[in-house]
$ cat structure_6.txt   # compact mmCIF, N, CA and C atoms and all ligand atoms
# COMPACT_ATOMS: atom_id res chain seq x y z
N MET A 1 -113.93 11.37 -48.70
CA MET A 1 -114.12 11.46 -47.24
C MET A 1 -113.93 10.08 -46.61
N LEU A 2 -114.35 9.02 -47.32
CA LEU A 2 -114.18 7.67 -46.77
C LEU A 2 -112.69 7.30 -46.70
N ASP A 3 -111.93 7.73 -47.71
CA ASP A 3 -110.48 7.48 -47.69
C ASP A 3 -109.83 8.21 -46.51
N ALA A 4 -110.32 9.39 -46.22
CA ALA A 4 -109.78 10.16 -45.10
C ALA A 4 -110.02 9.43 -43.78
N VAL A 5 -111.16 8.74 -43.66
CA VAL A 5 -111.43 7.96 -42.45
C VAL A 5 -110.35 6.90 -42.28
N THR A 6 -110.02 6.21 -43.36
CA THR A 6 -109.00 5.17 -43.32
C THR A 6 -107.64 5.77 -42.97
N ALA A 7 -107.33 6.92 -43.57
CA ALA A 7 -106.05 7.56 -43.29
C ALA A 7 -105.96 7.94 -41.80
N LEU A 8 -107.06 8.34 -41.21
CA LEU A 8 -107.05 8.80 -39.82
C LEU A 8 -107.11 7.65 -38.81
N THR A 9 -107.76 6.56 -39.18
CA THR A 9 -107.99 5.50 -38.18
C THR A 9 -107.28 4.20 -38.54
N GLY A 10 -106.83 4.06 -39.77
CA GLY A 10 -106.23 2.81 -40.20
C GLY A 10 -107.27 1.73 -40.45
N LYS A 11 -108.54 2.10 -40.49
CA LYS A 11 -109.63 1.13 -40.67
C LYS A 11 -110.50 1.51 -41.86
N THR A 12 -111.07 0.51 -42.49
CA THR A 12 -111.88 0.78 -43.68
C THR A 12 -113.36 0.91 -43.32
N VAL A 13 -114.01 1.83 -44.00
CA VAL A 13 -115.45 2.01 -43.82
C VAL A 13 -116.15 1.10 -44.82
N GLU A 14 -117.12 0.32 -44.34
CA GLU A 14 -117.93 -0.46 -45.29
C GLU A 14 -118.86 0.50 -46.01
N THR A 15 -118.73 0.55 -47.32
CA THR A 15 -119.56 1.48 -48.07
C THR A 15 -120.94 0.86 -48.29
N PRO A 16 -121.99 1.60 -48.00
CA PRO A 16 -123.32 1.04 -48.22
C PRO A 16 -123.60 0.90 -49.72
N ARG A 17 -124.51 -0.02 -50.08
CA ARG A 17 -124.87 -0.17 -51.49
C ARG A 17 -125.47 1.13 -52.01
N ALA A 18 -126.24 1.79 -51.15
CA ALA A 18 -126.89 3.02 -51.57
C ALA A 18 -127.20 3.87 -50.35
N VAL A 19 -127.31 5.15 -50.56
CA VAL A 19 -127.87 6.03 -49.53
C VAL A 19 -129.21 6.49 -50.07
N ARG A 20 -130.28 6.15 -49.37
CA ARG A 20 -131.61 6.53 -49.84
C ARG A 20 -131.89 8.00 -49.51
N LEU A 21 -132.56 8.65 -50.44
CA LEU A 21 -132.99 10.03 -50.20
C LEU A 21 -134.50 10.00 -50.09
N THR A 22 -135.02 10.74 -49.12
CA THR A 22 -136.47 10.74 -48.97
C THR A 22 -136.98 12.17 -48.80
N LEU A 23 -138.23 12.37 -49.22
CA LEU A 23 -138.89 13.65 -48.97
C LEU A 23 -140.02 13.45 -47.96
N CYS A 24 -140.13 12.21 -47.44
CA CYS A 24 -141.19 11.92 -46.47
C CYS A 24 -140.84 12.53 -45.12
N ASP A 25 -141.79 12.41 -44.20
CA ASP A 25 -141.59 13.00 -42.89
C ASP A 25 -140.84 12.04 -41.97
N THR A 26 -139.66 11.60 -42.39
CA THR A 26 -138.86 10.72 -41.55
C THR A 26 -137.47 11.33 -41.42
N PRO A 27 -136.90 11.26 -40.23
CA PRO A 27 -135.57 11.86 -40.07
C PRO A 27 -134.49 11.06 -40.81
N SER A 28 -133.37 11.70 -41.10
CA SER A 28 -132.22 10.98 -41.64
C SER A 28 -131.80 9.95 -40.61
N GLN A 29 -131.44 8.76 -41.07
CA GLN A 29 -131.10 7.70 -40.12
C GLN A 29 -130.17 6.67 -40.76
N SER A 30 -129.73 5.73 -39.94
CA SER A 30 -128.78 4.73 -40.44
C SER A 30 -129.14 3.33 -39.97
N MET A 31 -130.41 3.11 -39.58
CA MET A 31 -130.79 1.85 -38.96
C MET A 31 -130.58 0.65 -39.90
N VAL A 32 -131.17 0.67 -41.05
CA VAL A 32 -131.02 -0.45 -41.99
C VAL A 32 -130.03 -0.04 -43.06
N GLU A 33 -130.42 0.89 -43.89
CA GLU A 33 -129.51 1.50 -44.87
C GLU A 33 -129.54 2.99 -44.58
N PRO A 34 -128.40 3.67 -44.81
CA PRO A 34 -128.43 5.11 -44.55
C PRO A 34 -129.50 5.80 -45.41
N SER A 35 -130.24 6.68 -44.81
CA SER A 35 -131.20 7.45 -45.57
C SER A 35 -131.16 8.90 -45.10
N VAL A 36 -131.31 9.80 -46.05
CA VAL A 36 -131.19 11.22 -45.77
C VAL A 36 -132.47 11.92 -46.18
N ASN A 37 -133.03 12.70 -45.26
CA ASN A 37 -134.23 13.45 -45.58
C ASN A 37 -133.85 14.73 -46.33
N MET A 38 -134.38 14.87 -47.52
CA MET A 38 -133.98 15.98 -48.40
C MET A 38 -134.97 17.15 -48.37
N ARG A 39 -136.10 16.99 -47.65
CA ARG A 39 -137.12 18.05 -47.77
C ARG A 39 -136.61 19.41 -47.24
N PHE A 40 -135.71 19.35 -46.25
CA PHE A 40 -135.23 20.63 -45.69
C PHE A 40 -134.17 21.30 -46.58
N ALA A 41 -133.85 20.64 -47.71
CA ALA A 41 -132.96 21.28 -48.68
C ALA A 41 -133.79 21.93 -49.81
N LEU A 42 -135.12 21.81 -49.72
CA LEU A 42 -135.98 22.34 -50.79
C LEU A 42 -136.54 23.71 -50.39
N ARG A 43 -136.29 24.68 -51.24
CA ARG A 43 -136.82 26.01 -50.94
C ARG A 43 -138.36 26.03 -51.07
N SER A 44 -138.88 25.04 -51.84
CA SER A 44 -140.34 24.95 -51.93
C SER A 44 -140.95 24.39 -50.64
N PHE A 45 -140.12 23.78 -49.81
CA PHE A 45 -140.63 23.21 -48.55
C PHE A 45 -140.41 24.18 -47.40
N THR A 46 -139.25 24.81 -47.37
CA THR A 46 -138.96 25.74 -46.27
C THR A 46 -138.13 26.91 -46.78
N PRO A 47 -138.47 28.11 -46.34
CA PRO A 47 -137.68 29.27 -46.78
C PRO A 47 -136.23 29.19 -46.29
N GLN A 48 -136.00 28.49 -45.18
CA GLN A 48 -134.62 28.36 -44.67
C GLN A 48 -134.01 27.03 -45.10
N ALA A 49 -134.04 26.76 -46.40
CA ALA A 49 -133.51 25.49 -46.89
C ALA A 49 -132.01 25.39 -46.58
N VAL A 50 -131.59 24.18 -46.23
CA VAL A 50 -130.16 23.98 -45.97
C VAL A 50 -129.44 23.70 -47.28
N PRO A 51 -128.15 24.05 -47.38
CA PRO A 51 -127.41 23.80 -48.63
C PRO A 51 -127.28 22.31 -48.92
N LEU A 52 -127.21 21.96 -50.20
CA LEU A 52 -127.04 20.56 -50.59
C LEU A 52 -125.77 19.97 -49.99
N ARG A 53 -124.73 20.79 -49.87
CA ARG A 53 -123.49 20.30 -49.30
C ARG A 53 -123.73 19.72 -47.89
N TYR A 54 -124.60 20.38 -47.14
CA TYR A 54 -124.91 19.89 -45.79
C TYR A 54 -125.55 18.51 -45.86
N LYS A 55 -126.35 18.28 -46.92
CA LYS A 55 -127.00 16.98 -47.07
C LYS A 55 -125.97 15.90 -47.41
N ALA A 56 -124.93 16.27 -48.15
CA ALA A 56 -123.84 15.31 -48.41
C ALA A 56 -123.15 14.98 -47.09
N ASP A 57 -122.96 15.98 -46.25
CA ASP A 57 -122.34 15.73 -44.94
C ASP A 57 -123.25 14.88 -44.06
N THR A 58 -124.57 15.05 -44.21
CA THR A 58 -125.51 14.23 -43.44
C THR A 58 -125.40 12.77 -43.90
N ALA A 59 -125.30 12.55 -45.21
CA ALA A 59 -125.13 11.18 -45.72
C ALA A 59 -123.86 10.57 -45.13
N PHE A 60 -122.79 11.34 -45.10
CA PHE A 60 -121.52 10.88 -44.53
C PHE A 60 -121.71 10.53 -43.05
N HIS A 61 -122.39 11.40 -42.32
CA HIS A 61 -122.70 11.17 -40.90
C HIS A 61 -123.41 9.82 -40.74
N GLU A 62 -124.44 9.59 -41.54
CA GLU A 62 -125.21 8.34 -41.39
C GLU A 62 -124.35 7.13 -41.74
N ILE A 63 -123.49 7.26 -42.75
CA ILE A 63 -122.60 6.15 -43.13
C ILE A 63 -121.64 5.84 -41.97
N LEU A 64 -121.21 6.90 -41.26
CA LEU A 64 -120.24 6.71 -40.18
C LEU A 64 -120.82 5.99 -38.96
N HIS A 65 -122.15 6.00 -38.80
CA HIS A 65 -122.73 5.40 -37.59
C HIS A 65 -122.30 3.95 -37.40
N GLY A 66 -122.39 3.15 -38.45
CA GLY A 66 -122.02 1.73 -38.35
C GLY A 66 -120.55 1.58 -38.01
N PHE A 67 -119.72 2.36 -38.68
CA PHE A 67 -118.27 2.33 -38.45
C PHE A 67 -117.94 2.66 -37.00
N VAL A 68 -118.52 3.75 -36.51
CA VAL A 68 -118.23 4.20 -35.15
C VAL A 68 -118.75 3.18 -34.13
N HIS A 69 -119.91 2.60 -34.41
CA HIS A 69 -120.47 1.58 -33.52
C HIS A 69 -119.50 0.39 -33.42
N ARG A 70 -118.96 -0.02 -34.56
CA ARG A 70 -118.05 -1.17 -34.58
C ARG A 70 -116.71 -0.88 -33.90
N HIS A 71 -116.22 0.34 -34.00
CA HIS A 71 -114.84 0.61 -33.58
C HIS A 71 -114.69 1.40 -32.29
N THR A 72 -115.81 1.78 -31.64
CA THR A 72 -115.68 2.42 -30.33
C THR A 72 -115.32 1.33 -29.33
N PRO A 73 -114.22 1.50 -28.58
CA PRO A 73 -113.82 0.45 -27.63
C PRO A 73 -114.92 0.21 -26.59
N ALA A 74 -115.11 -1.06 -26.24
CA ALA A 74 -116.19 -1.41 -25.29
C ALA A 74 -116.04 -0.64 -23.98
N GLY A 75 -114.83 -0.52 -23.47
CA GLY A 75 -114.65 0.20 -22.20
C GLY A 75 -114.12 1.61 -22.42
N SER A 76 -114.63 2.30 -23.42
CA SER A 76 -114.12 3.63 -23.76
C SER A 76 -114.00 4.55 -22.54
N ALA A 77 -112.77 4.98 -22.27
CA ALA A 77 -112.53 5.88 -21.13
C ALA A 77 -113.24 7.22 -21.36
N LEU A 78 -113.28 7.66 -22.60
CA LEU A 78 -113.90 8.96 -22.90
C LEU A 78 -115.41 8.90 -22.66
N LEU A 79 -116.04 7.78 -23.03
CA LEU A 79 -117.48 7.67 -22.79
C LEU A 79 -117.78 7.51 -21.30
N ARG A 80 -116.87 6.87 -20.58
CA ARG A 80 -117.06 6.73 -19.14
C ARG A 80 -117.09 8.11 -18.48
N GLU A 81 -116.21 9.00 -18.96
CA GLU A 81 -116.19 10.37 -18.42
C GLU A 81 -117.51 11.10 -18.68
N ARG A 82 -118.23 10.65 -19.71
CA ARG A 82 -119.46 11.35 -20.12
C ARG A 82 -120.70 10.53 -19.81
N LYS A 83 -120.63 9.70 -18.78
CA LYS A 83 -121.76 8.80 -18.55
C LYS A 83 -123.03 9.53 -18.11
N GLY A 84 -122.91 10.77 -17.68
CA GLY A 84 -124.09 11.55 -17.31
C GLY A 84 -124.84 12.13 -18.50
N GLU A 85 -124.26 12.03 -19.67
CA GLU A 85 -124.90 12.60 -20.87
C GLU A 85 -125.93 11.62 -21.42
N SER A 86 -126.85 12.13 -22.25
CA SER A 86 -127.87 11.25 -22.83
C SER A 86 -127.22 10.25 -23.78
N ARG A 87 -127.97 9.19 -24.06
CA ARG A 87 -127.48 8.16 -24.97
C ARG A 87 -127.20 8.75 -26.36
N CYS A 88 -128.08 9.66 -26.79
CA CYS A 88 -127.91 10.28 -28.11
C CYS A 88 -126.60 11.07 -28.16
N VAL A 89 -126.31 11.83 -27.12
CA VAL A 89 -125.06 12.60 -27.07
C VAL A 89 -123.87 11.64 -27.12
N ARG A 90 -123.91 10.61 -26.27
CA ARG A 90 -122.80 9.66 -26.20
C ARG A 90 -122.60 8.92 -27.53
N ASN A 91 -123.72 8.62 -28.21
CA ASN A 91 -123.61 7.95 -29.51
C ASN A 91 -123.01 8.83 -30.60
N HIS A 92 -122.89 10.13 -30.31
CA HIS A 92 -122.40 11.04 -31.35
C HIS A 92 -121.01 11.61 -31.07
N LEU A 93 -120.44 11.34 -29.91
CA LEU A 93 -119.15 11.98 -29.59
C LEU A 93 -118.04 11.49 -30.52
N HIS A 94 -117.86 10.19 -30.64
CA HIS A 94 -116.81 9.68 -31.53
C HIS A 94 -117.15 10.02 -32.98
N LEU A 95 -118.44 9.96 -33.30
CA LEU A 95 -118.85 10.20 -34.69
C LEU A 95 -118.55 11.65 -35.12
N LEU A 96 -118.97 12.61 -34.30
CA LEU A 96 -118.75 14.01 -34.70
C LEU A 96 -117.26 14.35 -34.67
N ALA A 97 -116.53 13.75 -33.73
CA ALA A 97 -115.07 13.97 -33.69
C ALA A 97 -114.43 13.47 -34.98
N LEU A 98 -114.87 12.32 -35.44
CA LEU A 98 -114.32 11.77 -36.68
C LEU A 98 -114.74 12.62 -37.88
N GLN A 99 -116.00 13.05 -37.88
CA GLN A 99 -116.47 13.92 -38.97
C GLN A 99 -115.64 15.20 -39.02
N LYS A 100 -115.34 15.75 -37.84
CA LYS A 100 -114.52 16.96 -37.76
C LYS A 100 -113.11 16.68 -38.28
N ALA A 101 -112.51 15.59 -37.83
CA ALA A 101 -111.14 15.26 -38.24
C ALA A 101 -111.07 15.09 -39.76
N VAL A 102 -112.08 14.44 -40.34
CA VAL A 102 -112.09 14.22 -41.79
C VAL A 102 -112.18 15.56 -42.52
N LEU A 103 -113.12 16.39 -42.11
CA LEU A 103 -113.29 17.67 -42.81
C LEU A 103 -112.04 18.54 -42.67
N LEU A 104 -111.43 18.56 -41.49
CA LEU A 104 -110.21 19.35 -41.31
C LEU A 104 -109.07 18.78 -42.16
N SER A 105 -108.98 17.46 -42.25
CA SER A 105 -107.89 16.85 -43.02
C SER A 105 -108.05 17.17 -44.51
N LEU A 106 -109.27 17.48 -44.93
CA LEU A 106 -109.51 17.82 -46.33
C LEU A 106 -109.51 19.34 -46.55
N GLY A 107 -109.20 20.08 -45.50
CA GLY A 107 -109.17 21.54 -45.60
C GLY A 107 -110.56 22.15 -45.72
N ALA A 108 -111.59 21.40 -45.32
CA ALA A 108 -112.97 21.86 -45.50
C ALA A 108 -113.46 22.57 -44.23
N THR A 109 -112.79 23.66 -43.86
CA THR A 109 -113.13 24.33 -42.61
C THR A 109 -114.49 25.04 -42.68
N GLN A 110 -114.79 25.62 -43.84
CA GLN A 110 -116.10 26.27 -44.00
C GLN A 110 -117.23 25.26 -43.87
N GLU A 111 -117.01 24.11 -44.53
CA GLU A 111 -118.02 23.05 -44.51
C GLU A 111 -118.22 22.54 -43.09
N LEU A 112 -117.12 22.42 -42.35
CA LEU A 112 -117.21 21.98 -40.95
C LEU A 112 -118.01 23.00 -40.14
N ALA A 113 -117.71 24.27 -40.32
CA ALA A 113 -118.43 25.31 -39.58
C ALA A 113 -119.92 25.25 -39.91
N GLN A 114 -120.22 24.95 -41.16
CA GLN A 114 -121.63 24.87 -41.58
C GLN A 114 -122.32 23.66 -40.92
N VAL A 115 -121.63 22.52 -40.89
CA VAL A 115 -122.22 21.33 -40.26
C VAL A 115 -122.51 21.62 -38.78
N ILE A 116 -121.53 22.22 -38.09
CA ILE A 116 -121.73 22.50 -36.66
C ILE A 116 -122.89 23.47 -36.46
N ALA A 117 -122.94 24.51 -37.30
CA ALA A 117 -123.98 25.53 -37.15
C ALA A 117 -125.37 24.94 -37.38
N ILE A 118 -125.52 24.16 -38.46
CA ILE A 118 -126.85 23.63 -38.78
C ILE A 118 -127.23 22.51 -37.80
N ASP A 119 -126.29 21.60 -37.50
CA ASP A 119 -126.58 20.54 -36.52
C ASP A 119 -127.05 21.15 -35.20
N SER A 120 -126.43 22.26 -34.82
CA SER A 120 -126.72 22.85 -33.51
C SER A 120 -128.09 23.52 -33.47
N GLN A 121 -128.72 23.69 -34.66
CA GLN A 121 -130.07 24.27 -34.68
C GLN A 121 -131.14 23.19 -34.79
N LEU A 122 -130.75 21.93 -34.89
CA LEU A 122 -131.74 20.87 -35.06
C LEU A 122 -132.61 20.77 -33.81
N PRO A 123 -133.88 20.35 -34.01
CA PRO A 123 -134.81 20.28 -32.87
C PRO A 123 -134.27 19.43 -31.72
N SER A 124 -133.58 18.33 -32.03
CA SER A 124 -132.99 17.55 -30.95
C SER A 124 -131.72 18.26 -30.49
N ALA A 125 -131.68 18.68 -29.23
CA ALA A 125 -130.54 19.44 -28.72
C ALA A 125 -129.30 18.56 -28.57
N CYS A 126 -129.48 17.28 -28.83
CA CYS A 126 -128.40 16.31 -28.65
C CYS A 126 -127.17 16.65 -29.50
N TYR A 127 -127.38 17.07 -30.73
CA TYR A 127 -126.24 17.35 -31.62
C TYR A 127 -125.48 18.58 -31.15
N LYS A 128 -126.23 19.58 -30.70
CA LYS A 128 -125.61 20.80 -30.20
C LYS A 128 -124.70 20.46 -29.01
N ARG A 129 -125.23 19.66 -28.10
CA ARG A 129 -124.48 19.27 -26.91
C ARG A 129 -123.25 18.44 -27.30
N ALA A 130 -123.44 17.50 -28.21
CA ALA A 130 -122.32 16.64 -28.62
C ALA A 130 -121.22 17.49 -29.28
N TRP A 131 -121.61 18.44 -30.13
CA TRP A 131 -120.61 19.32 -30.75
C TRP A 131 -119.88 20.14 -29.69
N GLU A 132 -120.63 20.64 -28.68
CA GLU A 132 -119.98 21.42 -27.61
C GLU A 132 -118.89 20.60 -26.92
N LEU A 133 -119.20 19.33 -26.65
CA LEU A 133 -118.22 18.48 -25.96
C LEU A 133 -117.03 18.17 -26.85
N VAL A 134 -117.31 17.89 -28.13
CA VAL A 134 -116.23 17.56 -29.06
C VAL A 134 -115.32 18.79 -29.30
N ASN A 135 -115.92 19.97 -29.20
CA ASN A 135 -115.16 21.21 -29.43
C ASN A 135 -114.68 21.86 -28.13
N GLU A 136 -114.77 21.11 -27.03
CA GLU A 136 -114.46 21.68 -25.71
C GLU A 136 -113.06 22.31 -25.66
N THR A 137 -112.06 21.57 -26.14
CA THR A 137 -110.73 22.15 -26.29
C THR A 137 -110.30 21.91 -27.73
N GLU A 138 -109.22 22.55 -28.10
CA GLU A 138 -108.77 22.45 -29.49
C GLU A 138 -108.48 21.01 -29.91
N GLY A 139 -107.99 20.21 -28.93
CA GLY A 139 -107.57 18.86 -29.29
C GLY A 139 -108.53 17.75 -28.87
N THR A 140 -109.69 18.11 -28.30
CA THR A 140 -110.60 17.08 -27.78
C THR A 140 -110.97 16.06 -28.85
N TYR A 141 -111.30 16.54 -30.05
CA TYR A 141 -111.76 15.61 -31.10
C TYR A 141 -110.69 14.56 -31.41
N LYS A 142 -109.42 14.94 -31.28
CA LYS A 142 -108.34 14.00 -31.59
C LYS A 142 -108.32 12.83 -30.61
N GLN A 143 -108.70 13.10 -29.35
CA GLN A 143 -108.73 12.02 -28.35
C GLN A 143 -109.77 10.97 -28.75
N TYR A 144 -110.93 11.44 -29.23
CA TYR A 144 -111.97 10.48 -29.66
C TYR A 144 -111.50 9.70 -30.88
N VAL A 145 -110.88 10.40 -31.82
CA VAL A 145 -110.42 9.72 -33.04
C VAL A 145 -109.35 8.68 -32.68
N SER A 146 -108.50 9.01 -31.69
CA SER A 146 -107.45 8.02 -31.39
C SER A 146 -108.05 6.79 -30.71
N GLU A 147 -109.17 6.93 -30.00
CA GLU A 147 -109.82 5.71 -29.47
C GLU A 147 -110.35 4.85 -30.62
N LEU A 148 -110.84 5.48 -31.65
CA LEU A 148 -111.35 4.71 -32.80
C LEU A 148 -110.22 4.02 -33.55
N ALA A 149 -109.03 4.61 -33.48
CA ALA A 149 -107.89 4.10 -34.25
C ALA A 149 -107.18 2.97 -33.53
N ARG A 150 -107.56 2.71 -32.28
CA ARG A 150 -106.86 1.70 -31.49
C ARG A 150 -107.12 0.28 -32.00
ZN ZN B 1 -126.42 10.48 -35.97
$ encode --input "structure_6.txt" --output "structure tokens"
Amino acid sequence: MLDAVTALTGKTVETPRAVRLTLCDTPSQSMVEPSVNMRFALRSFTPQAVPLRYKADTAFHEILHGFVHRHTPAGSALLRERKGESRCVRNHLHLLALQKAVLLSLGATQELAQVIAIDSQLPSACYKRAWELVNETEGTYKQYVSELAR
């Protein structure tokens, strides 16, 4: 998936030394080192456990945060169009578009559908909204990816 990012944007992703997995009550995040909360993948924790594949996609999502932060143009025209959206939504538009482009380039359409479905059920409505915007038209995600590739 990291190679696909380079193929799509012409830029390399800095690979983290490690992605931490936690069962504590902390959300997946990318502040210091990427960390993924695994408790929701445990059937012993919740009857609606998410598939492990989704957790791999979450790790990828967290790894992409630094990359997207570095490569989103300062005066992004696409973000300017969305200035009424929350900061969380705006922080995810380029990221989810890139995640979508990568999964599609690998032929992982089922996996993409799963990421969108599960993200859209998360307590923070931000991901659902960001996916709606990225999926607004068939080609919307490509516009975000091309800003990252500039
Ligand atoms: Zn995120």
$ closest_atom_pairs --input "structure_6.txt" --of "chain A" --to "ligand ZN 1 (chain B)" --cutoff "8 Å" --atoms "all atoms listed in the file" --output "CSV"
residue,atom,partner,partner_atom,distance
A:Ser28,C,B:ZN1,ZN,7.1
A:Gln29,CA,B:ZN1,ZN,6.8
A:Ser30,N,B:ZN1,ZN,7.0
A:His61,C,B:ZN1,ZN,5.7
A:Glu62,CA,B:ZN1,ZN,6.0
A:Leu64,C,B:ZN1,ZN,7.8
A:His65,CA,B:ZN1,ZN,6.5
A:Cys88,C,B:ZN1,ZN,7.8
A:Asn91,C,B:ZN1,ZN,6.6
A:His92,CA,B:ZN1,ZN,6.1
A:Leu95,CA,B:ZN1,ZN,7.7
A:Leu96,N,B:ZN1,ZN,7.9
$ atom_distance --input "structure_6.txt" --atom1 "atom CA of A:Glu147" --atom2 "atom N of A:Ser76"
8.4 Å
$ atom_distance --input "structure_6.txt" --atom1 "atom N of A:Leu112" --atom2 "atom C of A:Leu148"
21.5 Å
$ atom_distance --input "structure_6.txt" --atom1 "atom CA of A:Ala117" --atom2 "atom CA of A:Gly10"
29.0 Å
$ residues_near_point --input "structure_6.txt" --point "(-126.2, 5.3, -49.1)" --cutoff "7 Å" --atoms "all atoms listed in the file" --output "mmCIF file with N, CA and C atoms, keeping the file's coordinate frame"
data_model
loop_
_atom_site.group_PDB
_atom_site.id
_atom_site.type_symbol
_atom_site.label_atom_id
_atom_site.label_comp_id
_atom_site.auth_asym_id
_atom_site.auth_seq_id
_atom_site.Cartn_x
_atom_site.Cartn_y
_atom_site.Cartn_z
ATOM 1 N N THR A 15 -118.730 0.550 -47.320
ATOM 2 C CA THR A 15 -119.560 1.480 -48.070
ATOM 3 C C THR A 15 -120.940 0.860 -48.290
ATOM 4 N N PRO A 16 -121.990 1.600 -48.000
ATOM 5 C CA PRO A 16 -123.320 1.040 -48.220
ATOM 6 C C PRO A 16 -123.600 0.900 -49.720
ATOM 7 N N ARG A 17 -124.510 -0.020 -50.080
ATOM 8 C CA ARG A 17 -124.870 -0.170 -51.490
ATOM 9 C C ARG A 17 -125.470 1.130 -52.010
ATOM 10 N N ALA A 18 -126.240 1.790 -51.150
ATOM 11 C CA ALA A 18 -126.890 3.020 -51.570
ATOM 12 C C ALA A 18 -127.200 3.870 -50.350
ATOM 13 N N VAL A 19 -127.310 5.150 -50.560
ATOM 14 C CA VAL A 19 -127.870 6.030 -49.530
ATOM 15 C C VAL A 19 -129.210 6.490 -50.070
ATOM 16 N N ARG A 20 -130.280 6.150 -49.370
ATOM 17 C CA ARG A 20 -131.610 6.530 -49.840
ATOM 18 C C ARG A 20 -131.890 8.000 -49.510
ATOM 19 N N GLU A 33 -130.420 0.890 -43.890
ATOM 20 C CA GLU A 33 -129.510 1.500 -44.870
ATOM 21 C C GLU A 33 -129.540 2.990 -44.580
ATOM 22 N N PRO A 34 -128.400 3.670 -44.810
ATOM 23 C CA PRO A 34 -128.430 5.110 -44.550
ATOM 24 C C PRO A 34 -129.500 5.800 -45.410
ATOM 25 N N SER A 35 -130.240 6.680 -44.810
ATOM 26 C CA SER A 35 -131.200 7.450 -45.570
ATOM 27 C C SER A 35 -131.160 8.900 -45.100
ATOM 28 N N ALA A 59 -125.300 12.550 -45.210
ATOM 29 C CA ALA A 59 -125.130 11.180 -45.720
ATOM 30 C C ALA A 59 -123.860 10.570 -45.130
#
$ closest_residue --input "structure_6.txt" --among "A:Ala7, A:Glu81, A:Arg39, A:Ala113" --to "A:Leu21" --atoms "all atoms listed in the file"
A:Arg39
$ select_by_dssp --input "structure_6.txt" --residues "chain A" --states "strand (DSSP E)" --output "list of chain:residue names"
A:Arg20, A:Leu21, A:Thr22, A:Ser35, A:Val36, A:Asn37
$ residues_near_point --input "structure_6.txt" --point "(-116.9, 13.4, -42.6)" --cutoff "6 Å" --atoms "only N, CA and C atoms" --output "list in words"
Met1, Phe60, His61, Leu98, Gln99, Lys100, Val102 and Leu103 of chain A
$ write_last_selection --input "structure_6.txt" --atoms "N, CA and C atoms" --output "PDB file, in the coordinates of the input"
ATOM      1  N   MET A   1    -113.930  11.370 -48.700  1.00  0.00           N
ATOM      2  CA  MET A   1    -114.120  11.460 -47.240  1.00  0.00           C
ATOM      3  C   MET A   1    -113.930  10.080 -46.610  1.00  0.00           C
ATOM      4  N   PHE A  60    -122.790  11.340 -45.100  1.00  0.00           N
ATOM      5  CA  PHE A  60    -121.520  10.880 -44.530  1.00  0.00           C
ATOM      6  C   PHE A  60    -121.710  10.530 -43.050  1.00  0.00           C
ATOM      7  N   HIS A  61    -122.390  11.400 -42.320  1.00  0.00           N
ATOM      8  CA  HIS A  61    -122.700  11.170 -40.900  1.00  0.00           C
ATOM      9  C   HIS A  61    -123.410   9.820 -40.740  1.00  0.00           C
ATOM     10  N   LEU A  98    -114.870  12.320 -35.440  1.00  0.00           N
ATOM     11  CA  LEU A  98    -114.320  11.770 -36.680  1.00  0.00           C
ATOM     12  C   LEU A  98    -114.740  12.620 -37.880  1.00  0.00           C
ATOM     13  N   GLN A  99    -116.000  13.050 -37.880  1.00  0.00           N
ATOM     14  CA  GLN A  99    -116.470  13.920 -38.970  1.00  0.00           C
ATOM     15  C   GLN A  99    -115.640  15.200 -39.020  1.00  0.00           C
ATOM     16  N   LYS A 100    -115.340  15.750 -37.840  1.00  0.00           N
ATOM     17  CA  LYS A 100    -114.520  16.960 -37.760  1.00  0.00           C
ATOM     18  C   LYS A 100    -113.110  16.680 -38.280  1.00  0.00           C
ATOM     19  N   VAL A 102    -112.080  14.440 -40.340  1.00  0.00           N
ATOM     20  CA  VAL A 102    -112.090  14.220 -41.790  1.00  0.00           C
ATOM     21  C   VAL A 102    -112.180  15.560 -42.520  1.00  0.00           C
ATOM     22  N   LEU A 103    -113.120  16.390 -42.110  1.00  0.00           N
ATOM     23  CA  LEU A 103    -113.290  17.670 -42.810  1.00  0.00           C
ATOM     24  C   LEU A 103    -112.040  18.540 -42.670  1.00  0.00           C
TER      25      LEU A 103
END
